[in-house]
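Asks: Here you go, this is entry.tsv (TSV, C-alpha atoms and all ligand atoms).
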```tsv
chain	number	residue	atom	x	y	z
A	1337	MET	CA	7.66	3.87	33.15
A	1338	PRO	CA	7.28	7.70	33.16
A	1339	GLU	CA	7.33	9.77	29.96
A	1340	THR	CA	10.40	11.89	29.25
A	1341	PRO	CA	9.67	15.52	30.27
A	1342	LEU	CA	9.36	17.78	27.20
A	1343	GLU	CA	11.95	20.21	28.62
A	1344	LYS	CA	14.65	17.58	28.10
A	1345	ASN	CA	14.56	18.41	24.39
A	1346	THR	CA	17.14	21.06	23.44
A	1347	TYR	CA	14.63	23.29	21.60
A	1348	ASN	CA	11.96	23.01	24.26
A	1349	ALA	CA	14.48	23.90	26.97
A	1350	GLN	CA	14.82	27.39	25.41
A	1351	LEU	CA	11.07	28.12	25.47
A	1352	LYS	CA	8.77	29.84	27.89
A	1353	ARG	CA	6.28	27.60	29.68
A	1354	SER	CA	3.40	28.80	27.53
A	1355	ASP	CA	5.16	28.32	24.13
A	1356	PRO	CA	4.10	25.37	21.94
A	1357	LYS	CA	6.62	22.57	22.38
A	1358	PHE	CA	8.28	20.05	20.10
A	1359	LYS	CA	6.23	16.99	20.92
A	1360	LEU	CA	7.44	13.71	22.30
A	1361	TRP	CA	7.57	10.86	19.79
A	1362	HIS	CA	5.04	8.27	20.92
A	1363	SER	CA	4.91	6.11	17.86
A	1364	VAL	CA	7.58	4.76	15.54
A	1365	GLY	CA	6.99	3.13	12.18
A	1366	LEU	CA	9.90	0.79	11.54
A	1367	MET	CA	10.41	0.65	7.77
A	1368	LEU	CA	12.13	-2.70	7.67
A	1369	THR	CA	12.79	-2.42	3.93
A	1370	TYR	CA	11.94	-0.33	0.88
A	1371	TRP	CA	11.53	-3.51	-1.15
A	1372	CYS	CA	8.00	-4.42	-2.18
A	1373	PRO	CA	6.55	-6.77	-4.81
A	1374	ALA	CA	4.08	-4.03	-5.76
A	1375	LYS	CA	4.58	-0.60	-7.28
A	1376	CYS	CA	1.40	1.14	-6.21
A	1377	THR	CA	0.60	4.43	-7.89
A	1378	CYS	CA	-0.32	5.85	-4.46
A	1379	CYS	CA	2.94	4.89	-2.73
A	1380	TYR	CA	4.34	7.75	-0.63
A	1381	LEU	CA	7.77	6.21	-1.23
A	1382	PHE	CA	9.01	4.66	-4.45
A	1383	SER	CA	8.90	1.12	-3.12
A	1384	GLY	CA	8.99	-1.70	-5.60
A	1385	PRO	CA	10.71	-4.91	-6.66
A	1386	ASP	CA	13.73	-2.88	-7.80
A	1387	ALA	CA	14.27	-1.24	-4.37
A	1388	GLN	CA	16.87	-3.73	-3.32
A	1389	ASP	CA	19.61	-1.75	-1.59
A	1390	ALA	CA	21.05	-4.02	1.11
A	1391	ARG	CA	22.01	-0.95	3.18
A	1392	ALA	CA	18.32	-0.07	3.48
A	1393	GLU	CA	17.43	-3.39	5.10
A	1394	MET	CA	16.83	-2.72	8.78
A	1395	SER	CA	18.88	-4.80	11.16
A	1396	VAL	CA	17.21	-6.55	14.06
A	1397	GLN	CA	19.44	-4.48	16.33
A	1398	MET	CA	18.22	-1.20	14.79
A	1399	ALA	CA	14.58	-2.27	15.07
A	1400	LEU	CA	14.92	-3.31	18.71
A	1401	THR	CA	16.91	-0.25	19.72
A	1402	CYS	CA	14.27	2.07	18.24
A	1403	TRP	CA	11.53	0.04	19.92
A	1404	ARG	CA	13.26	0.28	23.32
A	1405	ASN	CA	13.86	3.99	22.74
A	1406	VAL	CA	10.23	4.85	22.09
A	1407	ARG	CA	9.22	2.97	25.24
A	1408	LYS	CA	11.85	4.94	27.14
A	1409	LEU	CA	10.77	8.26	25.64
A	1410	ALA	CA	7.01	7.80	25.86
A	1411	GLY	CA	6.67	5.21	28.61
A	1412	HIS	CA	3.62	2.98	28.36
A	1413	ARG	CA	2.29	5.07	25.49
A	1414	GLY	CA	5.31	4.25	23.31
A	1415	LYS	CA	4.43	1.99	20.41
A	1416	VAL	CA	5.86	0.67	17.16
A	1417	HIS	CA	4.45	-0.73	13.97
A	1418	LEU	CA	6.38	-2.82	11.50
A	1419	THR	CA	6.08	-1.70	7.92
A	1420	GLY	CA	7.99	-1.28	4.68
A	1421	GLY	CA	7.97	-1.60	1.75
A	1422	GLU	CA	6.64	-5.04	2.51
A	1423	PRO	CA	7.79	-6.36	5.90
A	1424	PHE	CA	6.90	-9.98	5.06
A	1425	GLY	CA	9.60	-9.94	2.36
A	1426	ASN	CA	12.00	-11.17	5.04
A	1427	TYR	CA	9.92	-13.37	7.32
A	1428	GLN	CA	12.93	-14.57	9.30
A	1429	ARG	CA	13.72	-11.00	10.34
A	1430	LEU	CA	10.13	-10.39	11.42
A	1431	LYS	CA	10.33	-13.47	13.62
A	1432	GLU	CA	13.66	-12.44	15.09
A	1433	ILE	CA	12.40	-8.98	15.98
A	1434	LEU	CA	9.30	-10.33	17.69
A	1435	THR	CA	11.23	-13.11	19.44
A	1436	THR	CA	13.77	-10.69	20.89
A	1437	ALA	CA	11.08	-8.25	21.94
A	1438	GLN	CA	9.14	-11.04	23.63
A	1439	ASN	CA	12.23	-12.33	25.44
A	1440	GLU	CA	12.85	-8.82	26.78
A	1441	GLY	CA	9.21	-8.29	27.73
A	1442	LEU	CA	9.07	-5.31	25.38
A	1443	GLN	CA	5.46	-4.14	24.96
A	1444	GLY	CA	3.88	-1.70	22.56
A	1445	LEU	CA	3.63	-3.50	19.23
A	1446	GLU	CA	0.74	-1.73	17.52
A	1447	LYS	CA	0.55	-3.76	14.31
A	1448	ILE	CA	2.33	-5.34	11.38
A	1449	GLU	CA	1.30	-4.16	7.95
A	1450	THR	CA	1.20	-6.27	4.80
A	1451	ASN	CA	-0.17	-6.22	1.28
A	1452	ALA	CA	-0.78	-10.02	1.51
A	1453	TYR	CA	1.37	-10.86	-1.53
A	1454	TRP	CA	2.70	-13.91	0.33
A	1455	CYS	CA	-0.77	-15.25	1.16
A	1456	THR	CA	-0.89	-17.90	-1.55
A	1457	SER	CA	-2.38	-20.76	0.49
A	1458	LYS	CA	-4.33	-21.22	3.72
A	1459	GLN	CA	-1.52	-23.36	5.10
A	1460	ILE	CA	1.20	-20.74	4.63
A	1461	ILE	CA	-0.94	-18.01	6.17
A	1462	ARG	CA	-1.98	-20.18	9.11
A	1463	ASP	CA	1.57	-21.38	9.79
A	1464	ARG	CA	3.00	-17.87	9.81
A	1465	LEU	CA	0.24	-16.16	11.74
A	1466	GLU	CA	0.08	-18.86	14.40
A	1467	GLU	CA	3.84	-18.54	14.82
A	1468	LEU	CA	3.76	-14.73	14.97
A	1469	ASN	CA	0.78	-14.88	17.32
A	1470	THR	CA	2.78	-16.88	19.86
A	1471	LEU	CA	5.55	-14.29	19.47
A	1472	GLY	CA	3.28	-11.39	20.38
A	1473	LEU	CA	1.69	-10.23	17.13
A	1474	THR	CA	-1.08	-7.87	18.14
A	1475	VAL	CA	-2.84	-6.66	14.99
A	1476	LEU	CA	-2.34	-7.52	11.32
A	1477	GLN	CA	-3.21	-4.71	8.93
A	1478	ILE	CA	-3.92	-5.79	5.38
A	1479	SER	CA	-3.86	-3.23	2.59
A	1480	THR	CA	-6.39	-3.44	-0.19
A	1481	ASP	CA	-7.43	-0.69	-2.55
A	1482	ILE	CA	-7.59	0.20	-6.19
A	1483	TYR	CA	-3.82	0.79	-6.35
A	1484	HIS	CA	-2.63	-2.32	-4.50
A	1485	GLN	CA	-4.87	-4.64	-6.49
A	1486	GLU	CA	-3.12	-3.74	-9.71
A	1487	TYR	CA	-0.28	-5.86	-8.33
A	1488	ILE	CA	-1.68	-8.21	-5.71
A	1489	PRO	CA	-4.50	-10.62	-6.60
A	1490	ILE	CA	-7.58	-9.83	-4.52
A	1491	GLU	CA	-7.94	-13.58	-3.78
A	1492	ARG	CA	-4.77	-13.39	-1.66
A	1493	VAL	CA	-6.18	-10.50	0.32
A	1494	ARG	CA	-9.43	-12.37	0.92
A	1495	LEU	CA	-7.60	-15.52	1.94
A	1496	ALA	CA	-5.38	-13.52	4.29
A	1497	VAL	CA	-8.38	-11.86	5.93
A	1498	GLU	CA	-10.23	-15.18	6.27
A	1499	VAL	CA	-7.34	-17.05	7.91
A	1500	ALA	CA	-6.12	-14.09	9.97
A	1501	THR	CA	-9.62	-13.69	11.38
A	1502	GLU	CA	-9.66	-17.37	12.40
A	1503	VAL	CA	-6.19	-17.21	13.98
A	1504	LEU	CA	-6.23	-13.75	15.56
A	1505	GLY	CA	-9.93	-13.01	15.90
A	1506	PRO	CA	-11.82	-10.23	14.06
A	1507	ASP	CA	-10.70	-7.44	16.38
A	1508	ARG	CA	-7.05	-8.02	15.55
A	1509	VAL	CA	-7.41	-7.88	11.79
A	1510	GLN	CA	-7.60	-4.46	10.13
A	1511	VAL	CA	-8.53	-4.34	6.48
A	1512	ARG	CA	-7.68	-1.11	4.73
A	1513	TRP	CA	-10.23	-0.94	3.09
A	1514	ARG	CA	-12.94	-3.53	3.74
A	1515	ASP	CA	-15.51	-1.98	1.43
A	1516	PHE	CA	-13.01	-2.24	-1.42
A	1517	MET	CA	-12.24	-5.88	-0.64
A	1518	GLU	CA	-15.94	-6.68	-0.75
A	1519	ASP	CA	-16.50	-4.82	-4.01
A	1520	PRO	CA	-13.11	-4.51	-5.72
A	1521	VAL	CA	-12.37	-2.65	-8.92
A	1522	ASP	CA	-10.29	-4.57	-11.44
A	1523	LEU	CA	-8.05	-2.29	-13.49
A	1524	SER	CA	-6.31	-5.03	-15.45
A	1525	ASN	CA	-6.84	-4.64	-19.21
A	1526	LYS	CA	-7.93	-1.04	-18.74
A	1527	THR	CA	-6.50	1.83	-20.74
A	1528	THR	CA	-4.48	4.58	-19.03
A	1529	ALA	CA	-7.42	6.95	-19.43
A	1530	GLN	CA	-9.80	4.45	-17.80
A	1531	LYS	CA	-7.34	3.92	-14.94
A	1532	HIS	CA	-7.06	7.64	-14.40
A	1533	ASP	CA	-10.84	7.98	-14.26
A	1534	ALA	CA	-10.93	5.23	-11.64
A	1535	TYR	CA	-8.09	6.82	-9.62
A	1536	ALA	CA	-9.84	10.20	-9.78
A	1537	ALA	CA	-13.07	8.67	-8.44
A	1538	GLU	CA	-11.10	6.92	-5.70
A	1539	LEU	CA	-9.32	10.14	-4.70
A	1540	GLN	CA	-12.69	11.82	-4.20
A	1541	LYS	CA	-13.61	9.06	-1.78
A	1542	ARG	CA	-10.25	8.63	-0.04
A	1543	PRO	CA	-7.63	11.36	-0.29
A	1544	GLU	CA	-3.98	10.30	-0.59
A	1545	ARG	CA	-0.92	12.24	0.46
A	1546	ILE	CA	0.58	13.51	-2.78
A	1547	VAL	CA	4.25	12.73	-2.22
A	1548	GLY	CA	6.54	10.02	-3.58
A	1549	ARG	CA	5.18	7.97	-6.47
A	1550	ALA	CA	1.74	9.51	-5.89
A	1551	THR	CA	3.05	12.73	-7.45
A	1552	GLU	CA	3.65	11.01	-10.78
A	1553	GLU	CA	0.11	10.13	-11.81
A	1554	LEU	CA	-2.30	11.09	-9.03
A	1555	ALA	CA	-1.30	14.74	-8.64
A	1556	ALA	CA	-2.61	15.71	-12.07
A	1557	LEU	CA	-6.01	14.14	-11.31
A	1558	LEU	CA	-6.73	16.63	-8.51
A	1559	PRO	CA	-7.81	20.27	-8.80
A	1560	GLN	CA	-4.73	22.36	-9.59
A	1561	LYS	CA	-3.36	25.50	-7.96
A	1562	LYS	CA	-0.55	27.91	-8.72
A	1563	TRP	CA	2.24	27.81	-6.14
A	1564	GLN	CA	1.45	31.39	-5.09
A	1565	GLU	CA	-1.96	30.14	-3.91
A	1566	LEU	CA	-0.21	27.79	-1.47
A	1567	ALA	CA	1.71	30.55	0.29
A	1568	GLN	CA	-0.53	30.60	3.37
A	1569	PHE	CA	0.24	27.00	4.34
A	1570	ASN	CA	3.10	26.34	6.71
A	1571	CYS	CA	3.83	23.00	8.37
A	1572	LYS	CA	4.56	24.11	11.91
A	1573	ARG	CA	1.77	22.13	13.49
A	1574	ALA	CA	2.36	19.07	11.34
A	1575	LEU	CA	6.08	18.98	12.01
A	1576	LEU	CA	6.47	20.25	15.58
A	1577	GLY	CA	3.31	18.51	16.72
A	1578	ALA	CA	4.09	15.13	15.14
A	1579	ARG	CA	4.09	12.38	17.74
A	1580	HIS	CA	4.87	9.86	15.07
A	1581	VAL	CA	8.11	9.22	13.19
A	1582	HIS	CA	9.25	6.66	10.66
A	1583	VAL	CA	12.73	5.16	10.71
A	1584	ASP	CA	14.27	3.39	7.71
A	1585	GLY	CA	16.98	0.75	7.59
A	1586	PHE	CA	19.70	3.33	6.94
A	1587	GLY	CA	18.71	4.93	10.25
A	1588	HIS	CA	17.04	7.99	8.70
A	1589	VAL	CA	14.29	9.42	10.87
A	1590	PHE	CA	11.32	11.09	9.14
A	1591	SER	CA	8.53	13.10	10.71
A	1592	GLY	CA	5.14	11.38	10.36
A	1593	THR	CA	4.69	10.42	6.73
A	1594	CYS	CA	6.92	13.23	5.39
A	1595	ALA	CA	9.39	10.62	4.15
A	1596	GLY	CA	12.52	12.01	2.57
A	1597	ILE	CA	13.04	14.92	4.99
A	1598	ILE	CA	15.75	13.54	7.25
A	1599	LEU	CA	15.35	14.85	10.79
A	1600	GLY	CA	18.53	13.02	11.74
A	1601	LYS	CA	20.31	9.73	11.32
A	1602	ILE	CA	20.60	7.02	13.91
A	1603	ASP	CA	24.14	5.73	14.14
A	1604	LEU	CA	24.30	2.81	16.55
A	1605	PRO	CA	25.69	2.35	19.08
A	1606	THR	CA	26.65	6.00	19.51
A	1607	PHE	CA	23.55	7.93	18.42
A	1608	SER	CA	20.07	6.55	18.98
A	1609	LEU	CA	16.49	7.65	18.32
A	1610	GLU	CA	16.32	8.84	21.89
A	1611	ASP	CA	19.51	10.90	21.42
A	1612	LEU	CA	17.98	12.46	18.31
A	1613	TRP	CA	14.78	13.48	20.09
A	1614	LEU	CA	16.72	14.93	23.01
A	1615	SER	CA	19.09	16.99	20.84
A	1616	PHE	CA	16.72	17.99	18.01
A	1617	ASP	CA	16.23	21.72	17.45
A	1618	TYR	CA	14.21	22.35	14.31
A	1619	GLN	CA	15.69	25.84	13.98
A	1620	ASP	CA	19.05	24.27	13.07
A	1621	HIS	CA	17.58	22.12	10.30
A	1622	PRO	CA	17.83	23.97	6.96
A	1623	VAL	CA	14.75	22.34	5.40
A	1624	PHE	CA	12.60	21.60	8.45
A	1625	SER	CA	12.96	25.15	9.77
A	1626	ILE	CA	11.73	26.69	6.50
A	1627	LEU	CA	8.87	24.21	6.13
A	1628	ALA	CA	7.78	24.81	9.71
A	1629	GLU	CA	7.86	28.59	9.44
A	1630	LYS	CA	6.86	29.25	5.83
A	1631	GLY	CA	5.73	25.96	4.32
A	1632	PRO	CA	7.01	24.68	0.99
A	1633	VAL	CA	6.61	28.06	-0.72
A	1634	GLY	CA	9.45	29.15	1.57
A	1635	LEU	CA	11.77	26.73	-0.25
A	1636	ILE	CA	11.11	28.21	-3.68
A	1637	ALA	CA	13.65	31.05	-3.53
A	1638	SER	CA	16.65	28.87	-2.71
A	1639	ALA	CA	15.45	26.10	-5.02
A	1640	THR	CA	15.13	28.54	-7.91
A	1641	GLU	CA	18.65	29.78	-7.21
A	1642	ALA	CA	19.78	26.17	-7.48
A	1643	GLY	CA	18.08	25.86	-10.90
A	1644	TYR	CA	14.59	24.64	-9.98
A	1645	HIS	CA	11.79	25.77	-12.28
A	1646	PRO	CA	8.37	25.75	-10.61
A	1647	GLN	CA	5.66	23.81	-12.42
A	1648	LYS	CA	2.63	25.64	-13.71
A	1649	ASN	CA	0.35	24.01	-11.13
A	1650	TYR	CA	0.39	21.75	-8.10
A	1651	ALA	CA	-2.26	19.63	-6.46
A	1652	ASN	CA	-1.52	20.88	-2.96
A	1653	LYS	CA	1.28	21.94	-0.61
A	1654	CYS	CA	2.69	18.43	-0.20
A	1655	HIS	CA	2.96	18.05	-3.97
A	1656	LEU	CA	4.83	21.36	-4.18
A	1657	CYS	CA	7.01	20.36	-1.22
A	1658	PHE	CA	7.89	17.02	-2.75
A	1659	ASP	CA	8.60	18.48	-6.19
A	1660	ILE	CA	11.06	21.00	-4.76
A	1661	ARG	CA	12.69	18.43	-2.48
A	1662	ARG	CA	13.03	15.99	-5.34
A	1663	TYR	CA	14.98	18.60	-7.26
A	1664	LEU	CA	17.11	19.66	-4.27
A	1665	GLN	CA	17.84	16.06	-3.33
A	1666	GLN	CA	19.91	15.74	-6.47
A	1667	CYS	CA	21.95	18.85	-5.68
A	1668	LYS	CA	25.15	18.38	-3.76
A	1669	ASP	CA	25.27	18.97	-0.01
A	1670	SER	CA	21.64	18.01	0.56
A	1671	SER	CA	22.14	14.38	1.55
A	1672	ALA	CA	22.16	15.05	5.30
A	1673	PHE	CA	18.67	16.56	5.09
A	1674	LEU	CA	16.98	15.12	2.01
A	1675	GLY	CA	17.08	11.46	1.13
A	1676	PRO	CA	17.58	8.65	0.62
A	1677	GLY	CA	17.23	8.53	-3.18
A	1678	ILE	CA	14.57	5.80	-3.01
A	1679	CYS	CA	12.16	8.28	-1.40
A	1680	TYR	CA	12.60	10.39	-4.52
A	1681	GLY	CA	12.54	7.67	-7.16
A	1682	ASN	CA	16.30	7.52	-7.46
A	1683	LEU	CA	17.51	4.00	-6.69
A	1684	THR	CA	21.18	4.76	-7.04
A	1685	THR	CA	21.70	7.08	-4.05
B	1	LIG	S1	2.02	1.44	-1.07
B	1	LIG	FE1	2.77	-0.28	0.17
B	1	LIG	S2	2.31	-2.10	-1.04
B	1	LIG	FE2	2.22	-0.34	-2.43
B	1	LIG	S3	4.29	-0.13	-3.33
B	1	LIG	FE3	4.22	1.21	-1.52
B	1	LIG	S4	5.01	-0.08	0.11
B	1	LIG	FE4	4.41	-1.48	-1.54
B	2	LIG	S1	4.23	20.17	2.85
B	2	LIG	FE1	6.04	18.86	3.08
B	2	LIG	S2	6.63	19.02	5.22
B	2	LIG	FE2	4.56	19.85	5.03
B	2	LIG	S3	3.22	18.11	5.54
B	2	LIG	FE3	3.47	18.13	3.29
B	2	LIG	S4	5.22	16.76	2.86
B	2	LIG	FE4	5.27	17.24	5.04
```
Could you rewrite the structure in this file as structure tokens?
Ligand code: SF4
Ligand code: SF4
Replies:
Amino acid sequence: MPETPLEKNTYNAQLKRSDPKFKLWHSVGLMLTYWCPAKCTCCYLFSGPDAQDARAEMSVQMALTCWRNVRKLAGHRGKVHLTGGEPFGNYQRLKEILTTAQNEGLQGLEKIETNAYWCTSKQIIRDRLEELNTLGLTVLQISTDIYHQEYIPIERVRLAVEVATEVLGPDRVQVRWRDFMEDPVDLSNKTTAQKHDAYAAELQKRPERIVGRATEELAALLPQKKWQELAQFNCKRALLGARHVHVDGFGHVFSGTCAGIILGKIDLPTFSLEDLWLSFDYQDHPVFSILAEKGPVGLIASATEAGYHPQKNYANKCHLCFDIRRYLQQCKDSSAFLGPGICYGNLTT
């Protein structure tokens, strides 16, 4: 299965041979849902128990079409991972996706991610993982950190890791992060100030992308900068060079983990992920083009015209970017490029 030549993309076709190209998407994160039993402070979305929009639930057809598309675009290097929200919230759908992929001989499943909320007994974990294993599960990634464990008992994580290791073998179980699981921090019964001290210490050890819910509490715990100090950062490399996209159940396609900037919308059966990659020209995208050329500071002028008031300080360029986008997302005429509301903490759009 050969890779699609880069020149097949509309933007790339206009370039000279030596110009940097819009990269081929090799990896797709299928966001099966925005629903999650947790509400982690670090979440780059606003996932939670209240994110229950049925339109955002990814159909099996959407998942499989994107999976086939990335294999067609990137050949043997094309891969998918199944994520959320929490993908185990609808176990039946997980099974159906894997069953169909297996029946078609579709390869390239990188991993399934989970926060282990469902891992309440050895039997449940064993039953599900043995079943998924026969359906082609490759790697199970289990999240565990200071933020997740405010919502998910650490005992479930440990049980999940123990049984998954027995069923899948140690090489097919990723724990993010194992050192935390072995020496967890318990923030229950702690004051807000104590939690913030713990988050600040954690951020020194493991940086988080400051977008989504992470902007609400974590941003203020980092060293602050005025927006003018962020003027030298553009996102050309991050956006044009991204080989990884996320797709949500609505069909929105996001670059890497820049959720909420809609590169385009899949509309099956007429417009697929492959069609989007082939036709995408970042110069035509009113937000992407500015971010790529000038970075988030480039959005300030038009945002201010629309009524945005810059904050005194920001943690970094992604915080600034998200803050402006969150404002613009509520303005009319932005929904084709910024959204859905759940990426911005607005559950009603
Ligand atoms: S970070 Fe993951 S587990 Fe936490 S709320 Fe977001 S989707 Fe759920
Ligand atoms: S500044 Fe915005 S576009 Fe650039 S990497 Fe951060 S979130 Fe993505």
Asks: Need the shell around Ala1534 in chain A: protein/DNA/RNA residues with any atom at most 12 Å away, counting all atoms listed in the file. Skip same-chain ones fewer than 6 positions apart. Format as a list in words?
Replies: Asp1481, Ile1482, Tyr1483, Pro1520, Val1521, Asp1522, Leu1523, Ser1524, Lys1526, Thr1527, Thr1528, Gln1540, Lys1541, Leu1554 and Leu1557 of chain A
Asks: Which residues sit within 6 Å of ligand LIG 1 (chain B), counting only C-alpha atoms and all ligand atoms, listed as a list in words?
Replies: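 Counting only C-alpha atoms and all ligand atoms, the residues within 6 Å of ligand LIG 1 (chain B) come out as Cys1372, Ala1374, Lys1375, Cys1376, Cys1379, Ser1383, Gly1384, Gly1420, Gly1421, Glu1422, Asn1451 and His1484 of chain A.
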Asks: My list of candidates is A:Trp1563, A:Cys1455, A:Val1511, A:Ser1608. Which is closest to His1645 in chain A when distances are computed with all atoms listed in the file?
Replies: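 Result for the nearest residue to His1645 in chain A: A:Trp1563.
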Asks: Can you tell me how far CA of Arg1492 in chain A sits from CA of Asp1386 in chain A, in Å to one decimal?
Replies: 22.1 Å
Asks: Using all atoms listed in the file, can you list as a PDB file with C-alpha atoms, in the coordinates of the input the residues within 9 Å of (4.7, 6.7, -10.2)?
Replies:
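Saved as result.pdb:
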```pdb
ATOM      1  CA  LYS A1375       4.580  -0.600  -7.280  1.00  0.00           C
ATOM      2  CA  CYS A1376       1.400   1.140  -6.210  1.00  0.00           C
ATOM      3  CA  THR A1377       0.600   4.430  -7.890  1.00  0.00           C
ATOM      4  CA  CYS A1378      -0.320   5.850  -4.460  1.00  0.00           C
ATOM      5  CA  CYS A1379       2.940   4.890  -2.730  1.00  0.00           C
ATOM      6  CA  PHE A1382       9.010   4.660  -4.450  1.00  0.00           C
ATOM      7  CA  GLY A1548       6.540  10.020  -3.580  1.00  0.00           C
ATOM      8  CA  ARG A1549       5.180   7.970  -6.470  1.00  0.00           C
ATOM      9  CA  ALA A1550       1.740   9.510  -5.890  1.00  0.00           C
ATOM     10  CA  THR A1551       3.050  12.730  -7.450  1.00  0.00           C
ATOM     11  CA  GLU A1552       3.650  11.010 -10.780  1.00  0.00           C
ATOM     12  CA  GLU A1553       0.110  10.130 -11.810  1.00  0.00           C
ATOM     13  CA  LEU A1554      -2.300  11.090  -9.030  1.00  0.00           C
ATOM     14  CA  GLY A1681      12.540   7.670  -7.160  1.00  0.00           C
TER      15      GLY A1681
END
```
